[in-house]
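Okay, data_36.cif is below, mmCIF, C-alpha atoms, pLDDT in the B column; chains and numbers go by the auth columns:
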data_entry
#
loop_
_atom_site.group_PDB
_atom_site.id
_atom_site.type_symbol
_atom_site.label_atom_id
_atom_site.label_comp_id
_atom_site.label_asym_id
_atom_site.label_seq_id
_atom_site.Cartn_x
_atom_site.Cartn_y
_atom_site.Cartn_z
_atom_site.B_iso_or_equiv
_atom_site.auth_seq_id
_atom_site.auth_asym_id
ATOM 1 C CA MET A 1 -7.104 -20.119 42.386 44.00 17 A
ATOM 2 C CA ASN A 2 -8.063 -23.345 44.137 48.00 18 A
ATOM 3 C CA ASN A 3 -10.947 -23.810 41.670 52.00 19 A
ATOM 4 C CA VAL A 4 -8.687 -24.141 38.600 51.00 20 A
ATOM 5 C CA VAL A 5 -9.703 -27.125 36.502 50.00 21 A
ATOM 6 C CA PRO A 6 -6.956 -28.766 34.400 52.00 22 A
ATOM 7 C CA LEU A 7 -7.690 -28.926 30.663 55.00 23 A
ATOM 8 C CA THR A 8 -7.746 -32.647 30.058 53.00 24 A
ATOM 9 C CA ALA A 9 -10.210 -34.934 28.333 52.00 25 A
ATOM 10 C CA LYS A 10 -11.230 -36.480 31.656 51.00 26 A
ATOM 11 C CA SER A 11 -12.027 -33.134 33.252 52.00 27 A
ATOM 12 C CA GLN A 12 -14.306 -31.805 30.485 55.00 28 A
ATOM 13 C CA ALA A 13 -17.346 -33.223 32.230 59.00 29 A
ATOM 14 C CA THR A 14 -16.361 -31.396 35.420 74.00 30 A
ATOM 15 C CA TYR A 15 -16.164 -27.900 33.907 77.00 31 A
ATOM 16 C CA PRO A 16 -18.231 -25.373 35.828 80.00 32 A
ATOM 17 C CA GLU A 17 -21.611 -24.690 34.227 81.00 33 A
ATOM 18 C CA HIS A 18 -20.841 -20.991 33.638 81.00 34 A
ATOM 19 C CA LEU A 19 -17.695 -21.980 31.705 83.00 35 A
ATOM 20 C CA LYS A 20 -19.808 -24.170 29.429 83.00 36 A
ATOM 21 C CA GLU A 21 -22.124 -21.201 28.857 85.00 37 A
ATOM 22 C CA ILE A 22 -19.169 -18.951 27.982 85.00 38 A
ATOM 23 C CA GLY A 23 -17.900 -21.598 25.549 82.00 39 A
ATOM 24 C CA ALA A 24 -21.320 -21.768 23.877 84.00 40 A
ATOM 25 C CA ARG A 25 -21.388 -17.947 23.521 85.00 41 A
ATOM 26 C CA ILE A 26 -17.864 -17.946 22.049 83.00 42 A
ATOM 27 C CA ASN A 27 -18.810 -20.656 19.543 83.00 43 A
ATOM 28 C CA GLY A 28 -21.845 -18.573 18.560 84.00 44 A
ATOM 29 C CA LEU A 29 -19.625 -15.535 18.025 80.00 45 A
ATOM 30 C CA ILE A 30 -17.214 -17.605 15.935 78.00 46 A
ATOM 31 C CA LYS A 31 -20.143 -18.695 13.742 80.00 47 A
ATOM 32 C CA GLN A 32 -21.250 -15.055 13.429 84.00 48 A
ATOM 33 C CA TYR A 33 -17.662 -14.062 12.592 82.00 49 A
ATOM 34 C CA ASP A 34 -17.502 -16.698 9.856 77.00 50 A
ATOM 35 C CA ASP A 35 -20.882 -15.575 8.463 81.00 51 A
ATOM 36 C CA CYS A 36 -19.808 -11.904 8.556 85.00 52 A
ATOM 37 C CA ARG A 37 -16.500 -12.706 6.904 86.00 53 A
ATOM 38 C CA LEU A 38 -18.271 -14.547 4.110 87.00 54 A
ATOM 39 C CA HIS A 39 -20.739 -11.690 3.651 89.00 55 A
ATOM 40 C CA LEU A 40 -17.867 -9.185 3.713 89.00 56 A
ATOM 41 C CA ALA A 41 -15.996 -11.212 1.077 90.00 57 A
ATOM 42 C CA VAL A 42 -18.996 -11.181 -1.288 91.00 58 A
ATOM 43 C CA GLU A 43 -19.524 -7.425 -0.755 91.00 59 A
ATOM 44 C CA LEU A 44 -15.849 -6.690 -1.416 92.00 60 A
ATOM 45 C CA ALA A 45 -15.948 -8.743 -4.631 93.00 61 A
ATOM 46 C CA GLN A 46 -18.949 -6.699 -5.786 93.00 62 A
ATOM 47 C CA ALA A 47 -17.197 -3.454 -4.810 92.00 63 A
ATOM 48 C CA LYS A 48 -14.103 -4.495 -6.749 92.00 64 A
ATOM 49 C CA ALA A 49 -16.231 -5.198 -9.841 92.00 65 A
ATOM 50 C CA VAL A 50 -17.942 -1.800 -9.524 92.00 66 A
ATOM 51 C CA CYS A 51 -14.555 -0.089 -9.112 91.00 67 A
ATOM 52 C CA LYS A 52 -13.325 -1.780 -12.273 92.00 68 A
ATOM 53 C CA LYS A 53 -16.401 -0.666 -14.271 93.00 69 A
ATOM 54 C CA ALA A 54 -16.196 2.892 -12.919 92.00 70 A
ATOM 55 C CA GLY A 55 -12.439 3.151 -13.542 92.00 71 A
ATOM 56 C CA VAL A 56 -11.718 3.585 -9.839 91.00 72 A
ATOM 57 C CA ILE A 57 -8.601 2.011 -8.380 93.00 73 A
ATOM 58 C CA PHE A 58 -9.831 -0.567 -5.857 91.00 74 A
ATOM 59 C CA LYS A 59 -6.743 -0.180 -3.665 93.00 75 A
ATOM 60 C CA SER A 60 -7.233 3.575 -3.363 91.00 76 A
ATOM 61 C CA TRP A 61 -10.933 3.154 -2.623 91.00 77 A
ATOM 62 C CA VAL A 62 -10.194 0.608 0.116 90.00 78 A
ATOM 63 C CA LYS A 63 -7.566 2.837 1.723 91.00 79 A
ATOM 64 C CA GLU A 64 -9.826 5.912 1.672 90.00 80 A
ATOM 65 C CA GLU A 65 -13.192 4.390 2.493 89.00 81 A
ATOM 66 C CA LEU A 66 -12.727 1.265 4.595 89.00 82 A
ATOM 67 C CA ARG A 67 -11.327 0.420 8.004 90.00 83 A
ATOM 68 C CA LEU A 68 -9.615 -2.628 6.537 86.00 84 A
ATOM 69 C CA SER A 69 -6.116 -3.138 5.231 91.00 85 A
ATOM 70 C CA TYR A 70 -5.792 -3.487 1.478 94.00 86 A
ATOM 71 C CA PRO A 71 -4.132 -6.939 1.623 93.00 87 A
ATOM 72 C CA GLU A 72 -7.015 -8.258 3.731 89.00 88 A
ATOM 73 C CA ALA A 73 -9.591 -6.584 1.462 91.00 89 A
ATOM 74 C CA ALA A 74 -7.958 -8.040 -1.654 93.00 90 A
ATOM 75 C CA ARG A 75 -7.816 -11.505 -0.070 90.00 91 A
ATOM 76 C CA LEU A 76 -11.481 -11.333 0.919 90.00 92 A
ATOM 77 C CA ALA A 77 -12.508 -9.955 -2.499 93.00 93 A
ATOM 78 C CA LYS A 78 -10.781 -12.902 -4.144 92.00 94 A
ATOM 79 C CA ILE A 79 -12.699 -15.265 -1.856 90.00 95 A
ATOM 80 C CA GLY A 80 -15.982 -13.457 -2.594 91.00 96 A
ATOM 81 C CA ALA A 81 -15.392 -13.698 -6.334 93.00 97 A
ATOM 82 C CA ALA A 82 -14.842 -17.464 -6.182 90.00 98 A
ATOM 83 C CA ASP A 83 -17.509 -19.825 -7.512 91.00 99 A
ATOM 84 C CA ASP A 84 -17.930 -21.248 -3.998 91.00 100 A
ATOM 85 C CA PRO A 85 -16.871 -18.634 -1.418 89.00 101 A
ATOM 86 C CA VAL A 86 -17.467 -21.003 1.515 87.00 102 A
ATOM 87 C CA LYS A 87 -15.085 -23.554 -0.014 90.00 103 A
ATOM 88 C CA ALA A 88 -12.607 -20.750 -0.765 88.00 104 A
ATOM 89 C CA ILE A 89 -12.572 -19.733 2.927 84.00 105 A
ATOM 90 C CA VAL A 90 -12.083 -23.359 4.001 86.00 106 A
ATOM 91 C CA ASP A 91 -9.261 -23.743 1.460 87.00 107 A
ATOM 92 C CA LEU A 92 -7.662 -20.513 2.692 83.00 108 A
ATOM 93 C CA ARG A 93 -7.732 -21.820 6.282 83.00 109 A
ATOM 94 C CA ASN A 94 -6.290 -25.176 5.248 88.00 110 A
ATOM 95 C CA ASN A 95 -3.542 -23.518 3.193 87.00 111 A
ATOM 96 C CA THR A 96 -2.719 -21.232 6.115 85.00 112 A
ATOM 97 C CA LYS A 97 -2.458 -24.233 8.446 87.00 113 A
ATOM 98 C CA LYS A 98 -0.190 -26.004 5.952 88.00 114 A
ATOM 99 C CA SER A 99 2.072 -22.989 5.475 86.00 115 A
ATOM 100 C CA VAL A 100 2.349 -22.442 9.238 86.00 116 A
ATOM 101 C CA LYS A 101 3.229 -26.121 9.723 85.00 117 A
ATOM 102 C CA LEU A 102 5.830 -25.951 6.921 84.00 118 A
ATOM 103 C CA ARG A 103 7.360 -22.796 8.390 83.00 119 A
ATOM 104 C CA ARG A 104 7.520 -24.352 11.861 83.00 120 A
ATOM 105 C CA ASP A 105 9.018 -27.564 10.470 80.00 121 A
ATOM 106 C CA LYS A 106 11.543 -25.522 8.493 78.00 122 A
ATOM 107 C CA ASN A 107 12.481 -23.569 11.621 77.00 123 A
ATOM 108 C CA LYS A 108 12.846 -26.817 13.596 76.00 124 A
ATOM 109 C CA SER A 109 14.978 -28.271 10.816 76.00 125 A
ATOM 110 C CA ALA A 110 17.156 -25.165 10.702 73.00 126 A
ATOM 111 C CA LEU A 111 17.554 -25.283 14.483 71.00 127 A
ATOM 112 C CA ARG A 112 18.480 -28.971 14.377 70.00 128 A
ATOM 113 C CA SER A 113 20.954 -28.262 11.597 72.00 129 A
ATOM 114 C CA ALA A 114 22.509 -25.391 13.540 70.00 130 A
ATOM 115 C CA LEU A 115 22.740 -27.514 16.678 69.00 131 A
ATOM 116 C CA PHE A 116 24.301 -30.368 14.698 68.00 132 A
ATOM 117 C CA THR A 117 26.827 -27.978 13.109 72.00 133 A
ATOM 118 C CA ASP A 118 27.711 -26.526 16.516 71.00 134 A
ATOM 119 C CA ALA A 119 28.065 -29.993 18.014 70.00 135 A
ATOM 120 C CA ARG A 120 30.242 -31.162 15.116 70.00 136 A
ATOM 121 C CA GLU A 121 32.512 -28.104 15.369 74.00 137 A
ATOM 122 C CA SER A 122 32.701 -28.520 19.124 74.00 138 A
ATOM 123 C CA TYR A 123 33.673 -32.167 18.706 68.00 139 A
ATOM 124 C CA ILE A 124 36.360 -31.265 16.142 71.00 140 A
ATOM 125 C CA ASP A 125 37.734 -28.643 18.539 74.00 141 A
ATOM 126 C CA HIS A 126 37.712 -31.270 21.285 72.00 142 A
ATOM 127 C CA LEU A 127 39.689 -33.651 19.080 69.00 143 A
ATOM 128 C CA LYS A 128 42.215 -30.939 18.265 75.00 144 A
ATOM 129 C CA GLN A 129 42.600 -30.139 21.952 76.00 145 A
ATOM 130 C CA ARG A 130 42.910 -33.827 22.807 74.00 146 A
ATOM 131 C CA ASN A 131 45.578 -34.284 20.134 73.00 147 A
ATOM 132 C CA LYS A 132 47.405 -31.236 21.448 75.00 148 A
ATOM 133 C CA HIS A 133 47.316 -32.621 24.988 75.00 149 A
ATOM 134 C CA GLU A 134 48.481 -36.020 23.755 78.00 150 A
ATOM 135 C CA ARG A 135 51.417 -34.390 21.921 75.00 151 A
ATOM 136 C CA ILE A 136 52.349 -32.425 25.031 74.00 152 A
ATOM 137 C CA ALA A 137 52.137 -35.593 27.120 76.00 153 A
ATOM 138 C CA GLU A 138 54.376 -37.347 24.570 76.00 154 A
ATOM 139 C CA ILE A 139 56.936 -34.529 24.816 72.00 155 A
ATOM 140 C CA TYR A 140 56.941 -34.773 28.624 75.00 156 A
ATOM 141 C CA ARG A 141 57.352 -38.561 28.394 75.00 157 A
ATOM 142 C CA LEU A 142 60.320 -38.181 26.002 74.00 158 A
ATOM 143 C CA LEU A 143 61.922 -35.496 28.166 72.00 159 A
ATOM 144 C CA ASP A 144 61.563 -37.750 31.169 76.00 160 A
ATOM 145 C CA GLU A 145 63.218 -40.621 29.280 73.00 161 A
ATOM 146 C CA ILE A 146 66.268 -38.549 28.442 75.00 162 A
ATOM 147 C CA ASN A 147 66.269 -37.028 31.901 75.00 163 A
ATOM 148 C CA LEU A 148 65.862 -33.434 30.716 72.00 164 A
ATOM 149 C CA SER A 149 63.771 -30.873 32.572 75.00 165 A
ATOM 150 C CA VAL A 150 61.203 -28.779 30.796 72.00 166 A
ATOM 151 C CA MET A 151 63.142 -25.620 31.610 75.00 167 A
ATOM 152 C CA ASP A 152 66.298 -27.061 30.038 74.00 168 A
ATOM 153 C CA PHE A 153 64.273 -28.103 27.003 70.00 169 A
ATOM 154 C CA VAL A 154 62.925 -24.539 26.630 72.00 170 A
ATOM 155 C CA LYS A 155 66.499 -23.206 26.871 73.00 171 A
ATOM 156 C CA VAL A 156 67.605 -25.590 24.115 70.00 172 A
ATOM 157 C CA LEU A 157 64.728 -24.417 21.929 68.00 173 A
ATOM 158 C CA ARG A 158 65.672 -20.783 22.480 73.00 174 A
ATOM 159 C CA LEU A 159 69.289 -21.526 21.538 69.00 175 A
ATOM 160 C CA ARG A 160 68.192 -23.113 18.252 65.00 176 A
ATOM 161 C CA LYS A 161 66.491 -19.895 17.141 58.00 177 A
#

Once more with this new file: its structure as structure tokens, please.
Amino acid sequence: MNNVVPLTAKSQATYPEHLKEIGARINGLIKQYDDCRLHLAVELAQAKAVCKKAGVIFKSWVKEELRLSYPEAARLAKIGAADDPVKAIVDLRNNTKKSVKLRRDKNKSALRSALFTDARESYIDHLKQRNKHERIAEIYRLLDEINLSVMDFVKVLRLRK
């Protein structure tokens, strides 16, 4: 593990040559994946149209015939049916990024809110405890002034009941 290169902007030029080759292959596969996804979207849109004409339920056909979940098939069919499927895929990605960011921000906000609520309640408890300790200290001070022990004070309290 002595050959580990940190992932920083400065070190990109020092990546081993075989790592650059792997990156190029991965980028090629990503391009193929995008092309296949686009082609799949167009094919699914056509299949959905044929199902509609033939009176076949698209959802049933997808579940029986394809190795693809219906929600994914429906999403891709919608993309394939768009006027510009490439733009529809880009929009889908952008919307996904936005929704993920919103969800993460919402979770951070909820966490901050929970932490703030806990801190506020903890502070209120601290104030109550501090007030309690101050009252006890005041009682001890008063007892000391009248020269009465705590035990005698407790006895007096018991007698009052």

> What does the distance from CA of Cys67 (chain A) to CA of Leu92 (chain A) come to in Å, to one decimal?
Replying inline: 15.4 Å

>> Just the number, please: distance in Å from CA of Tyr86 (chain A) to CA of Phe74 (chain A), one decimal.
In response: 8.9 Å

> Using all atoms listed in the file, which residues sit within 12 Å of Arg53 (chain A) once same-chain residues fewer than 6 positions away are excluded, as a PyMOL selection string?
Replying inline: chain A and resi 45-47+59-60+88-89+91-93+95-96+101-102+104-106

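The space between CA of Lys64 (chain A) and CA of Cys52 (chain A) spans 17.9 Å.
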
>> Assuming the chain letters and numbering stay as they are in my file, what does the PyMOL selection byres ((chain A and resi 63) around 12) actually select? List them as a PyMOL selection string.
In response: chain A and resi 56-62+64-75+77-78+81-82+89-90+92-94+96-97

Render region 107-131 of chain A from the structure in the preceding block as a file of N, CA and C atoms, as an mmCIF file, in the first residue's frame.
data_model
loop_
_atom_site.group_PDB
_atom_site.id
_atom_site.type_symbol
_atom_site.label_atom_id
_atom_site.label_comp_id
_atom_site.auth_asym_id
_atom_site.auth_seq_id
_atom_site.Cartn_x
_atom_site.Cartn_y
_atom_site.Cartn_z
ATOM 1 N N ASP A 107 -32.431 16.304 -18.135
ATOM 2 C CA ASP A 107 -33.347 16.913 -17.167
ATOM 3 C C ASP A 107 -33.611 15.975 -15.997
ATOM 4 N N LEU A 108 -33.784 14.685 -16.301
ATOM 5 C CA LEU A 108 -34.006 13.696 -15.237
ATOM 6 C C LEU A 108 -32.824 13.678 -14.271
ATOM 7 N N ARG A 109 -31.599 13.681 -14.826
ATOM 8 C CA ARG A 109 -30.401 13.693 -13.966
ATOM 9 C C ARG A 109 -30.363 14.951 -13.110
ATOM 10 N N ASN A 110 -30.614 16.093 -13.741
ATOM 11 C CA ASN A 110 -30.581 17.359 -12.998
ATOM 12 C C ASN A 110 -31.639 17.390 -11.907
ATOM 13 N N ASN A 111 -32.844 16.901 -12.219
ATOM 14 C CA ASN A 111 -33.912 16.868 -11.214
ATOM 15 C C ASN A 111 -33.557 15.925 -10.074
ATOM 16 N N THR A 112 -32.919 14.806 -10.408
ATOM 17 C CA THR A 112 -32.498 13.859 -9.374
ATOM 18 C C THR A 112 -31.463 14.509 -8.463
ATOM 19 N N LYS A 113 -30.499 15.212 -9.065
ATOM 20 C CA LYS A 113 -29.485 15.904 -8.257
ATOM 21 C C LYS A 113 -30.134 16.928 -7.334
ATOM 22 N N LYS A 114 -31.105 17.682 -7.884
ATOM 23 C CA LYS A 114 -31.787 18.694 -7.069
ATOM 24 C C LYS A 114 -32.553 18.055 -5.922
ATOM 25 N N SER A 115 -33.279 16.971 -6.219
ATOM 26 C CA SER A 115 -34.077 16.342 -5.156
ATOM 27 C C SER A 115 -33.187 15.728 -4.086
ATOM 28 N N VAL A 116 -32.054 15.152 -4.491
ATOM 29 C CA VAL A 116 -31.116 14.598 -3.505
ATOM 30 C C VAL A 116 -30.568 15.714 -2.636
ATOM 31 N N LYS A 117 -30.187 16.837 -3.256
ATOM 32 C CA LYS A 117 -29.668 17.979 -2.495
ATOM 33 C C LYS A 117 -30.728 18.501 -1.522
ATOM 34 N N LEU A 118 -31.983 18.633 -1.996
ATOM 35 C CA LEU A 118 -33.057 19.108 -1.119
ATOM 36 C C LEU A 118 -33.268 18.164 0.059
ATOM 37 N N ARG A 119 -33.248 16.855 -0.231
ATOM 38 C CA ARG A 119 -33.459 15.871 0.835
ATOM 39 C C ARG A 119 -32.322 15.940 1.852
ATOM 40 N N ARG A 120 -31.086 16.072 1.354
ATOM 41 C CA ARG A 120 -29.948 16.171 2.276
ATOM 42 C C ARG A 120 -30.020 17.445 3.095
ATOM 43 N N ASP A 121 -30.380 18.568 2.441
ATOM 44 C CA ASP A 121 -30.508 19.832 3.163
ATOM 45 C C ASP A 121 -31.617 19.745 4.205
ATOM 46 N N LYS A 122 -32.716 19.080 3.832
ATOM 47 C CA LYS A 122 -33.833 18.926 4.768
ATOM 48 C C LYS A 122 -33.395 18.084 5.970
ATOM 49 N N ASN A 123 -32.645 17.018 5.694
ATOM 50 C CA ASN A 123 -32.160 16.174 6.792
ATOM 51 C C ASN A 123 -31.199 16.946 7.686
ATOM 52 N N LYS A 124 -30.311 17.759 7.074
ATOM 53 C CA LYS A 124 -29.401 18.582 7.875
ATOM 54 C C LYS A 124 -30.183 19.564 8.719
ATOM 55 N N SER A 125 -31.201 20.176 8.112
ATOM 56 C CA SER A 125 -32.019 21.155 8.829
ATOM 57 C C SER A 125 -32.746 20.491 9.992
ATOM 58 N N ALA A 126 -33.294 19.305 9.734
ATOM 59 C CA ALA A 126 -33.999 18.585 10.798
ATOM 60 C C ALA A 126 -33.033 18.221 11.923
ATOM 61 N N LEU A 127 -31.820 17.816 11.557
ATOM 62 C CA LEU A 127 -30.822 17.470 12.570
ATOM 63 C C LEU A 127 -30.449 18.701 13.386
ATOM 64 N N ARG A 128 -30.226 19.830 12.679
ATOM 65 C CA ARG A 128 -29.899 21.065 13.404
ATOM 66 C C ARG A 128 -31.038 21.448 14.346
ATOM 67 N N SER A 129 -32.268 21.313 13.862
ATOM 68 C CA SER A 129 -33.420 21.668 14.668
ATOM 69 C C SER A 129 -33.506 20.772 15.903
ATOM 70 N N ALA A 130 -33.273 19.470 15.692
ATOM 71 C CA ALA A 130 -33.318 18.540 16.823
ATOM 72 C C ALA A 130 -32.214 18.856 17.824
ATOM 73 N N LEU A 131 -31.014 19.148 17.315
ATOM 74 C CA LEU A 131 -29.914 19.489 18.209
ATOM 75 C C LEU A 131 -30.211 20.770 18.973
#
